[in-house]
Amino acid sequence: MRTLPLTLAAALAATLLLTACDDGKTGDDDAKNADPANGSACAIGDLGVEVGAGAAPAAGDTGNVTVTLTNRGAQCTLKGFPSVDLAAEDGTTSVSPEEGAKAQPLTLGKGGTTSFTITYVRGEAGSAKSLAVRKASFTLPGAPEDAHDLTWSYGEVARKDGGGAAQASVSGFESSGD
């Protein structure tokens, strides 16, 4: 008769112990930072930066600016999205990640490459519904204090609904090479 209550108590204790374990899921704050178990966060100073663009030819057209990063240092990890700001004379606006995009952790060994893409809608020159971007600045997840500036020579960027935010988005990091 005593074995049933003891068995029940042991099962309850085991259940409580298991629910206290980490489920392996990451929260939003974790997605912004590198996972130390997989290497340290990549730093701008350890990466070569190349920019290629498929500029939008006319107002209303979509353009892409692809930023390729090459790791010149020790193995590092990118976990999250790059943070991109577009700067104009009348202010700065942050670029949101592509709608529905999921950030995938990416480990870069020495010589490894990755890229991300800024997609934008070209605005009409001189229009109040456009942002006269002069510079794009980006930081990497886990290293928000290290910014890299890019001269923006791809035309004005349309504003969402004529407001302050730019009609632009940024992709997650994509694997390059093998």
# chains A, B, ... in the order shown; residues from 1 in each chain; ligands from 1

call {"tool": "residues_around", "arguments": {"residues": "region 95-98 of chain A", "least_positions_apart": "4", "cutoff": "10 Å", "atoms": "only C-alpha atoms", "output": "list in words"}}
result
Gly80, Phe81, Pro82, Ser83, Val84, Asp85, Leu86, Lys102, Ala103, Thr117, Ile118, Thr119, Tyr120, Ala136, Phe138, Ala165, Ala166, Gln167, Ala168, Ser169, Val170, Ser171 and Gly172 of chain A

call {"tool": "write_last_selection", "arguments": {"atoms": "all heavy atoms", "output": "short mmCIF file (atom, residue, chain, number, x, y, z; two decimals), in the first residue's frame"}}
result
data_model
loop_
_atom_site.label_atom_id
_atom_site.label_comp_id
_atom_site.auth_asym_id
_atom_site.auth_seq_id
_atom_site.Cartn_x
_atom_site.Cartn_y
_atom_site.Cartn_z
N GLY A 80 21.27 36.79 -35.01
CA GLY A 80 20.31 37.88 -35.07
C GLY A 80 20.37 38.57 -36.42
O GLY A 80 20.85 38.00 -37.40
N PHE A 81 19.88 39.78 -36.47
CA PHE A 81 19.88 40.57 -37.69
C PHE A 81 20.89 41.70 -37.57
O PHE A 81 21.12 42.21 -36.47
CB PHE A 81 18.50 41.20 -37.92
CG PHE A 81 17.45 40.23 -38.36
CD1 PHE A 81 16.66 39.58 -37.43
CD2 PHE A 81 17.26 39.97 -39.70
CE1 PHE A 81 15.69 38.68 -37.84
CE2 PHE A 81 16.29 39.08 -40.12
CZ PHE A 81 15.51 38.43 -39.18
N PRO A 82 21.43 42.15 -38.71
CA PRO A 82 22.22 43.38 -38.65
C PRO A 82 21.27 44.53 -38.34
O PRO A 82 20.11 44.51 -38.72
CB PRO A 82 22.80 43.50 -40.06
CG PRO A 82 21.93 42.67 -40.92
CD PRO A 82 21.33 41.61 -40.06
N SER A 83 21.78 45.53 -37.65
CA SER A 83 20.99 46.73 -37.36
C SER A 83 21.43 47.79 -38.36
O SER A 83 22.61 48.12 -38.45
CB SER A 83 21.29 47.18 -35.92
OG SER A 83 20.62 48.38 -35.64
N VAL A 84 20.48 48.32 -39.13
CA VAL A 84 20.79 49.28 -40.19
C VAL A 84 20.03 50.57 -39.96
O VAL A 84 18.82 50.55 -39.69
CB VAL A 84 20.43 48.70 -41.58
CG1 VAL A 84 20.69 49.72 -42.68
CG2 VAL A 84 21.19 47.41 -41.86
N ASP A 85 20.74 51.69 -40.08
CA ASP A 85 20.13 53.02 -40.02
C ASP A 85 20.44 53.76 -41.31
O ASP A 85 21.56 53.66 -41.83
CB ASP A 85 20.69 53.83 -38.85
CG ASP A 85 20.26 53.29 -37.50
OD1 ASP A 85 19.12 52.81 -37.37
OD2 ASP A 85 21.07 53.36 -36.56
N LEU A 86 19.46 54.49 -41.82
CA LEU A 86 19.65 55.34 -42.98
C LEU A 86 19.65 56.78 -42.50
O LEU A 86 18.71 57.22 -41.83
CB LEU A 86 18.52 55.12 -44.00
CG LEU A 86 18.37 53.70 -44.55
CD1 LEU A 86 17.17 53.63 -45.50
CD2 LEU A 86 19.65 53.26 -45.26
N LYS A 102 13.27 35.04 -40.30
CA LYS A 102 13.75 34.44 -39.06
C LYS A 102 15.27 34.48 -39.08
O LYS A 102 15.90 34.07 -40.04
CB LYS A 102 13.29 32.98 -38.94
CG LYS A 102 11.80 32.80 -38.97
CD LYS A 102 11.21 33.02 -37.61
CE LYS A 102 9.74 32.66 -37.64
NZ LYS A 102 8.93 33.54 -36.88
N ALA A 103 15.85 34.98 -38.00
CA ALA A 103 17.31 35.03 -37.90
C ALA A 103 17.84 33.64 -37.60
O ALA A 103 17.32 32.94 -36.73
CB ALA A 103 17.73 36.00 -36.81
N THR A 117 21.26 41.84 -47.17
CA THR A 117 20.79 42.74 -48.22
C THR A 117 19.82 43.77 -47.66
O THR A 117 18.90 43.43 -46.91
CB THR A 117 20.10 41.94 -49.34
OG1 THR A 117 21.04 41.00 -49.87
CG2 THR A 117 19.62 42.85 -50.46
N ILE A 118 20.05 45.01 -48.03
CA ILE A 118 19.12 46.10 -47.73
C ILE A 118 18.28 46.28 -48.99
O ILE A 118 18.82 46.56 -50.07
CB ILE A 118 19.87 47.41 -47.41
CG1 ILE A 118 20.84 47.20 -46.25
CG2 ILE A 118 18.87 48.54 -47.12
CD1 ILE A 118 21.85 48.34 -46.09
N THR A 119 16.99 46.09 -48.87
CA THR A 119 16.07 46.25 -50.00
C THR A 119 15.30 47.55 -49.76
O THR A 119 14.83 47.79 -48.64
CB THR A 119 15.11 45.06 -50.11
OG1 THR A 119 15.89 43.87 -50.28
CG2 THR A 119 14.16 45.21 -51.28
N TYR A 120 15.18 48.39 -50.79
CA TYR A 120 14.52 49.68 -50.62
C TYR A 120 13.70 50.02 -51.85
O TYR A 120 13.90 49.48 -52.94
CB TYR A 120 15.56 50.78 -50.36
CG TYR A 120 16.40 51.10 -51.56
CD1 TYR A 120 16.11 52.19 -52.38
CD2 TYR A 120 17.48 50.29 -51.93
CE1 TYR A 120 16.87 52.47 -53.50
CE2 TYR A 120 18.24 50.57 -53.04
CZ TYR A 120 17.93 51.65 -53.83
OH TYR A 120 18.68 51.93 -54.94
N ALA A 136 24.36 55.01 -44.98
CA ALA A 136 23.78 53.86 -44.28
C ALA A 136 24.82 53.42 -43.27
O ALA A 136 26.02 53.40 -43.55
CB ALA A 136 23.44 52.73 -45.24
N PHE A 138 25.63 50.34 -40.29
CA PHE A 138 25.15 49.08 -39.74
C PHE A 138 26.04 48.59 -38.61
O PHE A 138 27.22 48.93 -38.53
CB PHE A 138 25.03 48.00 -40.83
CG PHE A 138 26.33 47.46 -41.35
CD1 PHE A 138 26.95 46.36 -40.74
CD2 PHE A 138 26.95 48.03 -42.45
CE1 PHE A 138 28.15 45.87 -41.21
CE2 PHE A 138 28.15 47.53 -42.94
CZ PHE A 138 28.75 46.44 -42.31
N ALA A 165 9.27 56.90 -41.66
CA ALA A 165 9.97 55.63 -41.84
C ALA A 165 10.24 55.36 -43.33
O ALA A 165 9.43 55.68 -44.19
CB ALA A 165 9.17 54.49 -41.24
N ALA A 166 11.39 54.77 -43.58
CA ALA A 166 11.78 54.46 -44.96
C ALA A 166 11.13 53.16 -45.43
O ALA A 166 10.92 52.24 -44.63
CB ALA A 166 13.29 54.33 -45.06
N GLN A 167 10.81 53.09 -46.71
CA GLN A 167 10.34 51.84 -47.32
C GLN A 167 11.57 51.01 -47.62
O GLN A 167 12.08 51.00 -48.74
CB GLN A 167 9.54 52.10 -48.59
CG GLN A 167 8.15 52.61 -48.35
CD GLN A 167 7.34 52.65 -49.63
OE1 GLN A 167 7.49 51.81 -50.51
NE2 GLN A 167 6.46 53.64 -49.74
N ALA A 168 12.05 50.34 -46.58
CA ALA A 168 13.27 49.55 -46.70
C ALA A 168 13.21 48.42 -45.69
O ALA A 168 12.51 48.50 -44.69
CB ALA A 168 14.50 50.44 -46.46
N SER A 169 13.97 47.36 -45.97
CA SER A 169 14.06 46.23 -45.04
C SER A 169 15.47 45.64 -45.15
O SER A 169 16.19 45.90 -46.11
CB SER A 169 13.01 45.17 -45.35
OG SER A 169 13.23 44.62 -46.65
N VAL A 170 15.83 44.85 -44.15
CA VAL A 170 17.14 44.20 -44.15
C VAL A 170 16.92 42.70 -43.98
O VAL A 170 16.09 42.27 -43.19
CB VAL A 170 18.09 44.78 -43.07
CG1 VAL A 170 17.55 44.57 -41.67
CG2 VAL A 170 19.48 44.22 -43.21
N SER A 171 17.68 41.92 -44.75
CA SER A 171 17.59 40.46 -44.65
C SER A 171 18.44 39.98 -43.48
O SER A 171 19.25 40.74 -42.93
CB SER A 171 18.09 39.80 -45.94
OG SER A 171 19.51 39.93 -46.04
N GLY A 172 18.28 38.73 -43.15
CA GLY A 172 19.19 38.10 -42.19
C GLY A 172 20.49 37.77 -42.89
O GLY A 172 20.65 37.99 -44.10
#

call {"tool": "closest_residue", "arguments": {"among": "A:Asn64, A:Ala158, A:Ala125, A:Phe173", "to": "Ala101 (chain A)", "atoms": "only C-alpha atoms"}}
result
A:Phe173

call {"tool": "residues_around", "arguments": {"residues": "region 52-62 of chain A", "least_positions_apart": "3", "cutoff": "9 Å", "atoms": "only C-alpha atoms", "output": "list in words"}}
result
Val65, Thr66, Val67, Thr68, Thr119, Tyr120, Val121, Arg122, Gly123, Glu124, Ala125, Ser153, Tyr154, Gly155, Glu156, Val157 and Ala158 of chain A

call {"tool": "write_last_selection", "arguments": {"atoms": "N, CA, C and O atoms", "output": "PDB file, in the first residue's frame"}}
result
ATOM      1  N   VAL A  65      20.919  46.580 -51.963  1.00  0.00           N
ATOM      2  CA  VAL A  65      22.313  46.857 -51.630  1.00  0.00           C
ATOM      3  C   VAL A  65      22.783  45.659 -50.804  1.00  0.00           C
ATOM      4  O   VAL A  65      22.279  45.426 -49.709  1.00  0.00           O
ATOM      5  N   THR A  66      23.708  44.880 -51.373  1.00  0.00           N
ATOM      6  CA  THR A  66      24.198  43.678 -50.694  1.00  0.00           C
ATOM      7  C   THR A  66      25.543  43.971 -50.048  1.00  0.00           C
ATOM      8  O   THR A  66      26.455  44.474 -50.700  1.00  0.00           O
ATOM      9  N   VAL A  67      25.626  43.668 -48.757  1.00  0.00           N
ATOM     10  CA  VAL A  67      26.850  43.861 -47.993  1.00  0.00           C
ATOM     11  C   VAL A  67      27.445  42.481 -47.724  1.00  0.00           C
ATOM     12  O   VAL A  67      26.792  41.633 -47.117  1.00  0.00           O
ATOM     13  N   THR A  68      28.657  42.250 -48.214  1.00  0.00           N
ATOM     14  CA  THR A  68      29.350  40.971 -48.011  1.00  0.00           C
ATOM     15  C   THR A  68      30.443  41.173 -46.972  1.00  0.00           C
ATOM     16  O   THR A  68      31.236  42.107 -47.062  1.00  0.00           O
ATOM     17  N   THR A 119      16.991  46.085 -48.871  1.00  0.00           N
ATOM     18  CA  THR A 119      16.074  46.255 -49.999  1.00  0.00           C
ATOM     19  C   THR A 119      15.301  47.547 -49.759  1.00  0.00           C
ATOM     20  O   THR A 119      14.833  47.787 -48.639  1.00  0.00           O
ATOM     21  N   TYR A 120      15.183  48.385 -50.792  1.00  0.00           N
ATOM     22  CA  TYR A 120      14.518  49.676 -50.620  1.00  0.00           C
ATOM     23  C   TYR A 120      13.696  50.021 -51.852  1.00  0.00           C
ATOM     24  O   TYR A 120      13.902  49.480 -52.938  1.00  0.00           O
ATOM     25  N   VAL A 121      12.752  50.946 -51.672  1.00  0.00           N
ATOM     26  CA  VAL A 121      11.970  51.490 -52.773  1.00  0.00           C
ATOM     27  C   VAL A 121      12.503  52.899 -53.019  1.00  0.00           C
ATOM     28  O   VAL A 121      12.591  53.716 -52.095  1.00  0.00           O
ATOM     29  N   ARG A 122      12.872  53.144 -54.260  1.00  0.00           N
ATOM     30  CA  ARG A 122      13.430  54.465 -54.598  1.00  0.00           C
ATOM     31  C   ARG A 122      12.338  55.515 -54.540  1.00  0.00           C
ATOM     32  O   ARG A 122      11.226  55.322 -55.025  1.00  0.00           O
ATOM     33  N   GLY A 123      12.681  56.653 -53.924  1.00  0.00           N
ATOM     34  CA  GLY A 123      11.752  57.769 -53.816  1.00  0.00           C
ATOM     35  C   GLY A 123      11.958  58.774 -54.935  1.00  0.00           C
ATOM     36  O   GLY A 123      12.934  58.708 -55.685  1.00  0.00           O
ATOM     37  N   GLU A 124      11.039  59.694 -55.001  1.00  0.00           N
ATOM     38  CA  GLU A 124      11.114  60.757 -56.002  1.00  0.00           C
ATOM     39  C   GLU A 124      12.032  61.861 -55.486  1.00  0.00           C
ATOM     40  O   GLU A 124      11.874  62.338 -54.356  1.00  0.00           O
ATOM     41  N   ALA A 125      12.992  62.246 -56.289  1.00  0.00           N
ATOM     42  CA  ALA A 125      13.963  63.270 -55.887  1.00  0.00           C
ATOM     43  C   ALA A 125      13.268  64.559 -55.478  1.00  0.00           C
ATOM     44  O   ALA A 125      12.379  65.050 -56.175  1.00  0.00           O
ATOM     45  N   SER A 153      24.702  56.094 -52.400  1.00  0.00           N
ATOM     46  CA  SER A 153      24.668  56.781 -53.697  1.00  0.00           C
ATOM     47  C   SER A 153      23.625  56.157 -54.616  1.00  0.00           C
ATOM     48  O   SER A 153      23.786  56.147 -55.832  1.00  0.00           O
ATOM     49  N   TYR A 154      22.538  55.649 -54.020  1.00  0.00           N
ATOM     50  CA  TYR A 154      21.539  54.876 -54.765  1.00  0.00           C
ATOM     51  C   TYR A 154      20.213  55.616 -54.905  1.00  0.00           C
ATOM     52  O   TYR A 154      19.193  55.016 -55.204  1.00  0.00           O
ATOM     53  N   GLY A 155      20.223  56.916 -54.688  1.00  0.00           N
ATOM     54  CA  GLY A 155      19.014  57.711 -54.830  1.00  0.00           C
ATOM     55  C   GLY A 155      18.233  57.815 -53.532  1.00  0.00           C
ATOM     56  O   GLY A 155      18.573  57.191 -52.527  1.00  0.00           O
ATOM     57  N   GLU A 156      17.210  58.635 -53.577  1.00  0.00           N
ATOM     58  CA  GLU A 156      16.375  58.831 -52.395  1.00  0.00           C
ATOM     59  C   GLU A 156      15.541  57.584 -52.129  1.00  0.00           C
ATOM     60  O   GLU A 156      15.283  56.794 -53.039  1.00  0.00           O
ATOM     61  N   VAL A 157      15.136  57.425 -50.878  1.00  0.00           N
ATOM     62  CA  VAL A 157      14.345  56.271 -50.464  1.00  0.00           C
ATOM     63  C   VAL A 157      12.935  56.752 -50.130  1.00  0.00           C
ATOM     64  O   VAL A 157      12.768  57.744 -49.404  1.00  0.00           O
ATOM     65  N   ALA A 158      11.936  56.074 -50.680  1.00  0.00           N
ATOM     66  CA  ALA A 158      10.543  56.440 -50.422  1.00  0.00           C
ATOM     67  C   ALA A 158      10.213  56.246 -48.944  1.00  0.00           C
ATOM     68  O   ALA A 158      10.736  55.345 -48.291  1.00  0.00           O
TER      69      ALA A 158
END

call {"tool": "residues_around", "arguments": {"residues": "Thr151 (chain A)", "least_positions_apart": "6", "cutoff": "10 Å", "atoms": "only C-alpha atoms", "output": "list of chain:residue names"}}
result
A:Ala87, A:Val133, A:Arg134, A:Lys135, A:Ala136, A:Ser137

call {"tool": "closest_residue", "arguments": {"among": "A:Gly111, A:Gly45, A:Gly163, A:Pro105", "to": "Asp146 (chain A)", "atoms": "only C-alpha atoms"}}
result
A:Gly45

call {"tool": "atom_distance", "arguments": {"atom1": "CA of Ala74 (chain A)", "atom2": "CA of Gly109 (chain A)"}}
result
6.6 Å

call {"tool": "closest_residue", "arguments": {"among": "A:Ser175, A:Thr92, A:Thr139, A:Thr107", "to": "Ala43 (chain A)", "atoms": "only C-alpha atoms"}}
result
A:Thr139

call {"tool": "atom_distance", "arguments": {"atom1": "CA of Leu108 (chain A)", "atom2": "CA of Ala143 (chain A)"}}
result
15.1 Å

call {"tool": "atom_distance", "arguments": {"atom1": "CA of Pro141 (chain A)", "atom2": "CA of Gly63 (chain A)"}}
result
24.3 Å

call {"tool": "select_by_dssp", "arguments": {"residues": "region 8-174 of chain A", "states": "strand (DSSP E or B)", "output": "JSON, numbers by chain"}}
result
{"A": [40, 41, 47, 48, 49, 50, 51, 52, 53, 54, 62, 63, 64, 65, 66, 67, 68, 69, 70, 71, 76, 77, 78, 83, 84, 85, 86, 87, 88, 91, 92, 93, 94, 95, 96, 97, 106, 107, 108, 113, 114, 115, 116, 117, 118, 119, 120, 121, 122, 130, 131, 133, 134, 135, 136, 137, 138, 139, 140, 143, 144, 145, 146, 147, 148, 149, 150, 151, 157, 158, 159, 166, 168, 169, 170, 174]}

call {"tool": "write_last_selection", "arguments": {"atoms": "C-alpha atoms", "output": "mmCIF file, in the first residue's frame"}}
result
data_model
loop_
_atom_site.group_PDB
_atom_site.id
_atom_site.type_symbol
_atom_site.label_atom_id
_atom_site.label_comp_id
_atom_site.auth_asym_id
_atom_site.auth_seq_id
_atom_site.Cartn_x
_atom_site.Cartn_y
_atom_site.Cartn_z
ATOM 1 C CA SER A 40 32.307 35.108 -29.658
ATOM 2 C CA ALA A 41 30.298 37.731 -31.483
ATOM 3 C CA LEU A 47 35.639 41.670 -41.030
ATOM 4 C CA GLY A 48 36.303 42.836 -44.560
ATOM 5 C CA VAL A 49 33.303 44.724 -45.986
ATOM 6 C CA GLU A 50 32.326 44.831 -49.668
ATOM 7 C CA VAL A 51 29.217 46.471 -51.073
ATOM 8 C CA GLY A 52 27.425 45.598 -54.300
ATOM 9 C CA ALA A 53 24.257 47.274 -55.447
ATOM 10 C CA GLY A 54 21.437 46.742 -57.866
ATOM 11 C CA THR A 62 12.953 48.391 -55.870
ATOM 12 C CA GLY A 63 16.702 48.283 -55.366
ATOM 13 C CA ASN A 64 19.065 46.065 -53.395
ATOM 14 C CA VAL A 65 22.313 46.857 -51.630
ATOM 15 C CA THR A 66 24.198 43.678 -50.694
ATOM 16 C CA VAL A 67 26.850 43.861 -47.993
ATOM 17 C CA THR A 68 29.350 40.971 -48.011
ATOM 18 C CA LEU A 69 31.416 40.344 -44.903
ATOM 19 C CA THR A 70 34.625 38.268 -44.857
ATOM 20 C CA ASN A 71 36.039 37.108 -41.528
ATOM 21 C CA CYS A 76 32.980 34.180 -34.552
ATOM 22 C CA THR A 77 29.208 33.959 -34.476
ATOM 23 C CA LEU A 78 26.401 36.105 -35.874
ATOM 24 C CA SER A 83 20.994 46.731 -37.356
ATOM 25 C CA VAL A 84 20.794 49.275 -40.190
ATOM 26 C CA ASP A 85 20.130 53.020 -40.020
ATOM 27 C CA LEU A 86 19.650 55.337 -42.983
ATOM 28 C CA ALA A 87 20.854 58.895 -42.358
ATOM 29 C CA ALA A 88 19.656 61.981 -44.211
ATOM 30 C CA GLY A 91 17.170 62.739 -39.549
ATOM 31 C CA THR A 92 17.901 59.054 -39.248
ATOM 32 C CA THR A 93 15.519 56.125 -39.606
ATOM 33 C CA SER A 94 16.059 52.512 -38.620
ATOM 34 C CA VAL A 95 15.472 49.745 -41.142
ATOM 35 C CA SER A 96 13.349 46.799 -39.976
ATOM 36 C CA PRO A 97 14.073 43.138 -40.750
ATOM 37 C CA LEU A 106 25.782 31.618 -38.341
ATOM 38 C CA THR A 107 29.339 30.741 -37.349
ATOM 39 C CA LEU A 108 32.132 32.182 -39.514
ATOM 40 C CA THR A 113 31.914 34.967 -45.779
ATOM 41 C CA THR A 114 28.319 35.976 -45.307
ATOM 42 C CA SER A 115 26.080 38.674 -46.690
ATOM 43 C CA PHE A 116 22.922 40.603 -45.935
ATOM 44 C CA THR A 117 20.787 42.736 -48.215
ATOM 45 C CA ILE A 118 19.121 46.095 -47.729
ATOM 46 C CA THR A 119 16.074 46.255 -49.999
ATOM 47 C CA TYR A 120 14.518 49.676 -50.620
ATOM 48 C CA VAL A 121 11.970 51.490 -52.773
ATOM 49 C CA ARG A 122 13.430 54.465 -54.598
ATOM 50 C CA SER A 130 11.207 60.693 -49.910
ATOM 51 C CA LEU A 131 14.198 60.453 -47.614
ATOM 52 C CA VAL A 133 19.697 59.266 -47.700
ATOM 53 C CA ARG A 134 23.381 60.162 -47.616
ATOM 54 C CA LYS A 135 24.726 57.347 -45.458
ATOM 55 C CA ALA A 136 23.776 53.863 -44.276
ATOM 56 C CA SER A 137 25.259 52.648 -41.026
ATOM 57 C CA PHE A 138 25.152 49.076 -39.745
ATOM 58 C CA THR A 139 26.134 47.168 -36.629
ATOM 59 C CA LEU A 140 26.323 43.455 -35.959
ATOM 60 C CA ALA A 143 28.593 44.191 -31.093
ATOM 61 C CA PRO A 144 26.233 47.204 -31.224
ATOM 62 C CA GLU A 145 28.998 49.685 -30.336
ATOM 63 C CA ASP A 146 30.944 48.988 -33.565
ATOM 64 C CA ALA A 147 29.253 50.724 -36.485
ATOM 65 C CA HIS A 148 30.336 50.666 -40.120
ATOM 66 C CA ASP A 149 29.254 53.515 -42.407
ATOM 67 C CA LEU A 150 28.476 53.176 -46.106
ATOM 68 C CA THR A 151 28.108 56.099 -48.481
ATOM 69 C CA VAL A 157 14.345 56.271 -50.464
ATOM 70 C CA ALA A 158 10.543 56.440 -50.422
ATOM 71 C CA ARG A 159 8.878 56.976 -47.060
ATOM 72 C CA ALA A 166 11.777 54.459 -44.962
ATOM 73 C CA ALA A 168 13.271 49.552 -46.702
ATOM 74 C CA SER A 169 14.064 46.234 -45.039
ATOM 75 C CA VAL A 170 17.137 44.198 -44.155
ATOM 76 C CA GLU A 174 23.078 34.348 -45.527
#
